[in-house]
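See below for entry_34.cif, which holds mmCIF, C-alpha atoms.
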```cif
data_start
#
loop_
_atom_site.group_PDB
_atom_site.id
_atom_site.type_symbol
_atom_site.label_atom_id
_atom_site.label_comp_id
_atom_site.auth_asym_id
_atom_site.auth_seq_id
_atom_site.Cartn_x
_atom_site.Cartn_y
_atom_site.Cartn_z
ATOM 1 C CA MET A 5 64.463 27.858 101.497
ATOM 2 C CA SER A 6 66.211 30.884 99.985
ATOM 3 C CA GLU A 7 68.128 33.410 102.018
ATOM 4 C CA ALA A 8 66.299 36.475 103.232
ATOM 5 C CA ARG A 9 66.982 39.667 101.318
ATOM 6 C CA VAL A 10 68.922 42.017 103.588
ATOM 7 C CA ILE A 11 67.522 45.507 103.995
ATOM 8 C CA LYS A 12 69.593 48.012 105.930
ATOM 9 C CA LYS A 13 67.938 50.761 107.917
ATOM 10 C CA TYR A 14 70.026 53.887 108.320
ATOM 11 C CA THR A 15 69.817 56.470 111.109
ATOM 12 C CA ASN A 16 68.009 58.855 108.746
ATOM 13 C CA ARG A 17 65.230 56.171 108.585
ATOM 14 C CA ARG A 18 65.972 55.327 104.968
ATOM 15 C CA LEU A 19 65.861 51.687 103.920
ATOM 16 C CA TYR A 20 68.503 50.288 101.586
ATOM 17 C CA ASP A 21 68.133 47.016 99.653
ATOM 18 C CA ALA A 22 71.654 45.580 99.590
ATOM 19 C CA THR A 23 70.705 43.020 96.918
ATOM 20 C CA ALA A 24 69.311 45.555 94.429
ATOM 21 C CA SER A 25 71.714 48.321 95.545
ATOM 22 C CA ARG A 26 68.994 50.937 95.918
ATOM 23 C CA HIS A 27 66.895 52.741 98.485
ATOM 24 C CA VAL A 28 63.413 51.293 99.028
ATOM 25 C CA THR A 29 60.137 52.306 100.630
ATOM 26 C CA LEU A 30 57.767 50.354 102.824
ATOM 27 C CA GLU A 31 55.609 49.868 99.729
ATOM 28 C CA ASP A 32 58.592 48.385 97.860
ATOM 29 C CA LEU A 33 59.145 45.961 100.739
ATOM 30 C CA ARG A 34 55.442 45.038 100.755
ATOM 31 C CA LYS A 35 55.653 44.209 97.042
ATOM 32 C CA LEU A 36 58.735 42.041 97.628
ATOM 33 C CA ILE A 37 56.934 40.131 100.373
ATOM 34 C CA VAL A 38 53.788 39.708 98.284
ATOM 35 C CA GLY A 39 56.042 38.379 95.522
ATOM 36 C CA GLY A 40 57.317 35.663 97.856
ATOM 37 C CA GLU A 41 60.596 37.228 98.997
ATOM 38 C CA LYS A 42 61.759 36.885 102.571
ATOM 39 C CA ILE A 43 63.292 40.022 103.988
ATOM 40 C CA LYS A 44 65.501 40.752 106.962
ATOM 41 C CA VAL A 45 65.771 44.364 108.067
ATOM 42 C CA VAL A 46 68.841 45.230 110.133
ATOM 43 C CA ASP A 47 70.019 48.432 111.739
ATOM 44 C CA ASP A 48 73.059 49.618 109.784
ATOM 45 C CA LYS A 49 75.108 50.583 112.836
ATOM 46 C CA SER A 50 74.173 48.027 115.503
ATOM 47 C CA GLY A 51 73.126 45.099 113.278
ATOM 48 C CA GLU A 52 69.954 44.735 115.381
ATOM 49 C CA ASP A 53 67.152 42.823 113.647
ATOM 50 C CA LEU A 54 64.326 45.286 112.928
ATOM 51 C CA THR A 55 62.256 42.986 110.690
ATOM 52 C CA ARG A 56 59.249 42.723 113.053
ATOM 53 C CA GLN A 57 59.071 46.501 113.509
ATOM 54 C CA ILE A 58 59.162 47.114 109.752
ATOM 55 C CA LEU A 59 56.549 44.404 109.099
ATOM 56 C CA LEU A 60 54.293 46.017 111.713
ATOM 57 C CA GLN A 61 54.768 49.388 109.986
ATOM 58 C CA ILE A 62 53.792 47.816 106.642
ATOM 59 C CA ILE A 63 50.687 46.265 108.230
ATOM 60 C CA ALA A 64 49.747 49.552 109.938
ATOM 61 C CA GLU A 65 50.108 51.397 106.629
ATOM 62 C CA GLN A 66 47.956 48.837 104.819
ATOM 63 C CA GLU A 67 45.329 48.911 107.563
ATOM 64 C CA GLN A 68 45.215 52.709 107.481
ATOM 65 C CA PHE A 69 45.103 53.324 103.732
ATOM 66 C CA GLY A 70 43.821 50.074 102.270
ATOM 67 C CA THR A 71 40.929 47.772 102.969
ATOM 68 C CA PRO A 72 41.502 46.585 106.539
ATOM 69 C CA VAL A 73 42.118 42.909 107.200
ATOM 70 C CA LEU A 74 42.054 43.311 110.962
ATOM 71 C CA SER A 75 38.694 44.403 112.361
ATOM 72 C CA THR A 76 38.478 46.511 115.505
ATOM 73 C CA GLU A 77 37.154 43.486 117.402
ATOM 74 C CA LEU A 78 40.086 41.350 116.254
ATOM 75 C CA LEU A 79 42.607 44.039 117.199
ATOM 76 C CA GLU A 80 41.007 44.311 120.650
ATOM 77 C CA ALA A 81 41.229 40.536 121.070
ATOM 78 C CA ILE A 82 44.900 40.578 120.098
ATOM 79 C CA VAL A 83 45.601 43.338 122.637
ATOM 80 C CA ARG A 84 43.845 41.252 125.326
ATOM 81 C CA PHE A 85 46.115 38.265 124.584
ATOM 82 C CA TYR A 86 49.331 40.181 125.356
ATOM 83 C CA GLY A 87 50.545 39.078 128.768
ATOM 84 C CA ASN A 88 47.817 36.442 128.961
ATOM 85 C CA PRO A 89 48.983 32.911 129.842
ATOM 86 C CA VAL A 90 47.612 31.619 126.519
ATOM 87 C CA GLN A 91 49.461 34.218 124.410
ATOM 88 C CA GLU A 92 51.833 31.578 123.013
ATOM 89 C CA VAL A 93 48.930 29.259 122.137
ATOM 90 C CA PHE A 94 47.157 32.139 120.407
ATOM 91 C CA THR A 95 50.294 32.942 118.381
ATOM 92 C CA ARG A 96 50.696 29.322 117.231
ATOM 93 C CA TYR A 97 46.985 29.132 116.365
ATOM 94 C CA ILE A 98 47.162 32.245 114.175
ATOM 95 C CA GLU A 99 50.342 31.003 112.464
ATOM 96 C CA GLN A 100 48.835 27.580 111.733
ATOM 97 C CA SER A 101 45.552 29.079 110.546
ATOM 98 C CA LEU A 102 47.302 31.442 108.157
ATOM 99 C CA GLY A 103 49.569 28.618 106.994
ATOM 100 C CA GLY A 104 46.497 26.511 106.165
ATOM 101 C CA ILE A 105 44.852 29.365 104.289
ATOM 102 C CA MET A 106 48.044 30.013 102.322
ATOM 103 C CA GLN A 107 48.341 26.302 101.439
ATOM 104 C CA GLN A 108 44.729 26.228 100.225
ATOM 105 C CA GLN A 109 45.371 29.362 98.193
ATOM 106 C CA ARG A 110 48.439 27.779 96.552
ATOM 107 C CA VAL A 111 46.470 24.646 95.676
ATOM 108 C CA MET A 112 43.645 26.720 94.217
ATOM 109 C CA GLN A 113 46.086 28.843 92.212
ATOM 110 C CA ASP A 114 47.786 25.713 90.873
ATOM 111 C CA GLU A 115 44.425 24.258 89.833
ATOM 112 C CA MET A 116 43.387 27.509 88.150
ATOM 113 C CA ALA A 117 46.739 27.763 86.373
ATOM 114 C CA ARG A 118 46.385 24.193 85.133
ATOM 115 C CA ALA A 119 42.856 24.877 83.893
ATOM 116 C CA LEU A 120 43.892 28.125 82.219
ATOM 117 C CA HIS A 121 47.025 26.569 80.752
ATOM 118 C CA THR A 122 44.917 24.165 78.725
ATOM 119 C CA PRO A 123 41.470 25.760 78.570
ATOM 120 C CA MET A 124 40.443 23.619 75.606
ATOM 121 C CA ALA A 125 41.452 20.294 77.184
ATOM 122 C CA PRO A 126 38.101 19.668 78.904
ATOM 123 C CA LEU A 127 36.247 20.610 75.729
ATOM 124 C CA ALA A 128 38.491 18.413 73.606
ATOM 125 C CA GLU A 129 37.885 15.457 75.932
ATOM 126 C CA LEU A 130 34.135 16.073 75.796
ATOM 127 C CA ALA A 131 34.246 16.211 71.996
ATOM 128 C CA ARG A 132 36.243 12.959 71.883
ATOM 129 C CA GLN A 133 33.694 11.222 74.110
ATOM 130 C CA ASN A 134 30.823 12.545 71.976
ATOM 131 C CA MET A 135 32.483 11.271 68.789
ATOM 132 C CA GLN A 136 32.976 7.852 70.387
ATOM 133 C CA LEU A 137 29.308 7.694 71.411
ATOM 134 C CA TRP A 138 28.247 8.849 67.930
ATOM 135 C CA ALA A 139 30.320 6.100 66.302
ATOM 136 C CA GLN A 140 28.794 3.469 68.607
ATOM 137 C CA MET A 141 25.296 4.728 67.858
ATOM 138 C CA GLN A 142 25.955 4.663 64.108
ATOM 139 C CA ALA A 143 27.298 1.118 64.284
ATOM 140 C CA SER A 144 24.240 0.042 66.231
ATOM 141 C CA MET A 145 21.853 1.682 63.780
ATOM 142 C CA MET A 146 23.665 0.332 60.742
ATOM 143 C CA SER A 147 23.549 -3.216 62.050
ATOM 144 C CA SER A 148 19.784 -3.004 62.428
ATOM 145 C CA VAL A 149 19.189 -1.717 58.886
ATOM 146 C CA LYS A 150 21.595 -3.927 56.959
ATOM 147 C CA PRO A 151 19.865 -5.669 54.096
ATOM 148 C CA PRO A 152 19.341 -9.349 54.802
ATOM 149 C CA GLN A 153 21.951 -11.641 53.325
ATOM 150 C CA PRO A 154 20.546 -13.690 50.451
ATOM 151 C CA VAL A 155 19.848 -17.221 51.548
ATOM 152 C CA PRO A 156 20.986 -19.780 48.996
ATOM 153 C CA PRO A 157 17.971 -21.495 47.428
ATOM 154 C CA ALA A 158 17.217 -24.826 48.948
ATOM 155 C CA GLU A 159 17.040 -27.845 46.718
ATOM 156 C CA PRO A 160 13.454 -28.635 45.866
ATOM 157 C CA LYS A 161 12.059 -31.528 47.773
ATOM 158 C CA PRO A 162 11.088 -34.355 45.595
ATOM 159 C CA SER A 163 7.334 -34.736 45.263
ATOM 160 C CA PRO A 164 5.746 -38.065 46.078
ATOM 161 C CA SER A 165 5.087 -38.693 42.417
ATOM 162 C CA THR A 166 8.755 -38.272 41.496
ATOM 163 C CA ARG A 167 9.799 -40.627 44.264
ATOM 164 C CA SER A 168 7.804 -43.443 42.930
ATOM 165 C CA ARG A 169 9.208 -42.974 39.449
ATOM 166 C CA LYS A 170 12.799 -43.371 40.612
ATOM 167 C CA ARG A 171 12.164 -46.830 41.866
#
```

Output the file's structure as structure tokens, nothing else.
Amino acid sequence: MSEARVIKKYTNRRLYDATASRHVTLEDLRKLIVGGEKIKVVDDKSGEDLTRQILLQIIAEQEQFGTPVLSTELLEAIVRFYGNPVQEVFTRYIEQSLGGIMQQQRVMQDEMARALHTPMAPLAELARQNMQLWAQMQASMMSSVKPPQPVPPAEPKPSPSTRSRKR
């Protein structure tokens, strides 16, 4: 997997993308993550990893200003799991569930991309099958209406009177 993009957080709370050499916002980081980038946020002075805190800020911002993903009931349940003996199990369950959803989404996107890449392929195949059936039907119809082949005339049978004359 690719290296995480390093984001430095300065004491003035500004975030700096070392890869792009520019200051970024939480929204910029959200777009990077949505685009598939991995990020690692570090404190500029201490080198402390601040990635979780920044990700939580991004989620809080999205929950506040966007359409919430986390319902009040779900947030309450999450709060109840902190310090609970099954907290670790709950964490693994959420990670695996989201991983499964993301995998299904990738498969669906791949299928849609394949279908959109060649939108005429199913129609072309259907047309080919229809032409094949049409040709078979024509051949069947033509064989039933072919004019009969002329039968060569049979030699006339000798009549009894002509038989007696030959003797």

ask   = Which of these, A:Glu129, A:Asp32, A:Glu65, A:Asp21, has the shortest distance to Asp48 (chain A) once you count all atoms listed in the file?
value =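 Of all the options, A:Asp21 lies closest to Asp48 (chain A).
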
inquiry  = For a test of reading the model, state the distance in Å between CA of Ile62 (chain A) and CA of Val46 (chain A), rounded to one decimal.
reply    =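 Straight-line distance from CA of Ile62 (chain A) to CA of Val46 (chain A) works out to 15.7 Å.
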
task = Find the residues around Glu41 (chain A) up to 12 Å (only C-alpha atoms counted), leave out those fewer than 3 positions away in its own chain, and share them as an NGL selection string.
result = :A and (5-11 or 23 or 32-38 or 44)

Residues of the last selection are to be written out with C-alpha atoms, as a PDB file, in the frame of the given file.
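again_32.pdb, freshly written:
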```pdb
ATOM      1  CA  MET A   5      64.463  27.858 101.497  1.00  0.00           C
ATOM      2  CA  SER A   6      66.211  30.884  99.985  1.00  0.00           C
ATOM      3  CA  GLU A   7      68.128  33.410 102.018  1.00  0.00           C
ATOM      4  CA  ALA A   8      66.299  36.475 103.232  1.00  0.00           C
ATOM      5  CA  ARG A   9      66.982  39.667 101.318  1.00  0.00           C
ATOM      6  CA  VAL A  10      68.922  42.017 103.588  1.00  0.00           C
ATOM      7  CA  ILE A  11      67.522  45.507 103.995  1.00  0.00           C
ATOM      8  CA  THR A  23      70.705  43.020  96.918  1.00  0.00           C
ATOM      9  CA  ASP A  32      58.592  48.385  97.860  1.00  0.00           C
ATOM     10  CA  LEU A  33      59.145  45.961 100.739  1.00  0.00           C
ATOM     11  CA  ARG A  34      55.442  45.038 100.755  1.00  0.00           C
ATOM     12  CA  LYS A  35      55.653  44.209  97.042  1.00  0.00           C
ATOM     13  CA  LEU A  36      58.735  42.041  97.628  1.00  0.00           C
ATOM     14  CA  ILE A  37      56.934  40.131 100.373  1.00  0.00           C
ATOM     15  CA  VAL A  38      53.788  39.708  98.284  1.00  0.00           C
ATOM     16  CA  LYS A  44      65.501  40.752 106.962  1.00  0.00           C
TER      17      LYS A  44
END
```

query = Which residue out of A:Glu99, A:Arg110, A:Leu59, A:Thr29 has the minimum interatomic distance to Lys42 (chain A) when all atoms listed in the file are used?
reply = A:Leu59

inquiry  = Env of Asp47 (chain A): 8 Å cut, atoms = only C-alpha atoms, seq-sep filter 6 positions within chain, self excluded. Answer as an MDAnalysis selection string.
reply    = chainID A and resid 12:14 53:54

ask   = Between CA of Ile105 (chain A) and CA of Arg84 (chain A), what is the distance, to one decimal in Å?
value =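 So the answer is 24.2 Å.
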
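Across the model, the gap from CA of Arg132 (chain A) to CA of Arg118 (chain A) is 20.1 Å.
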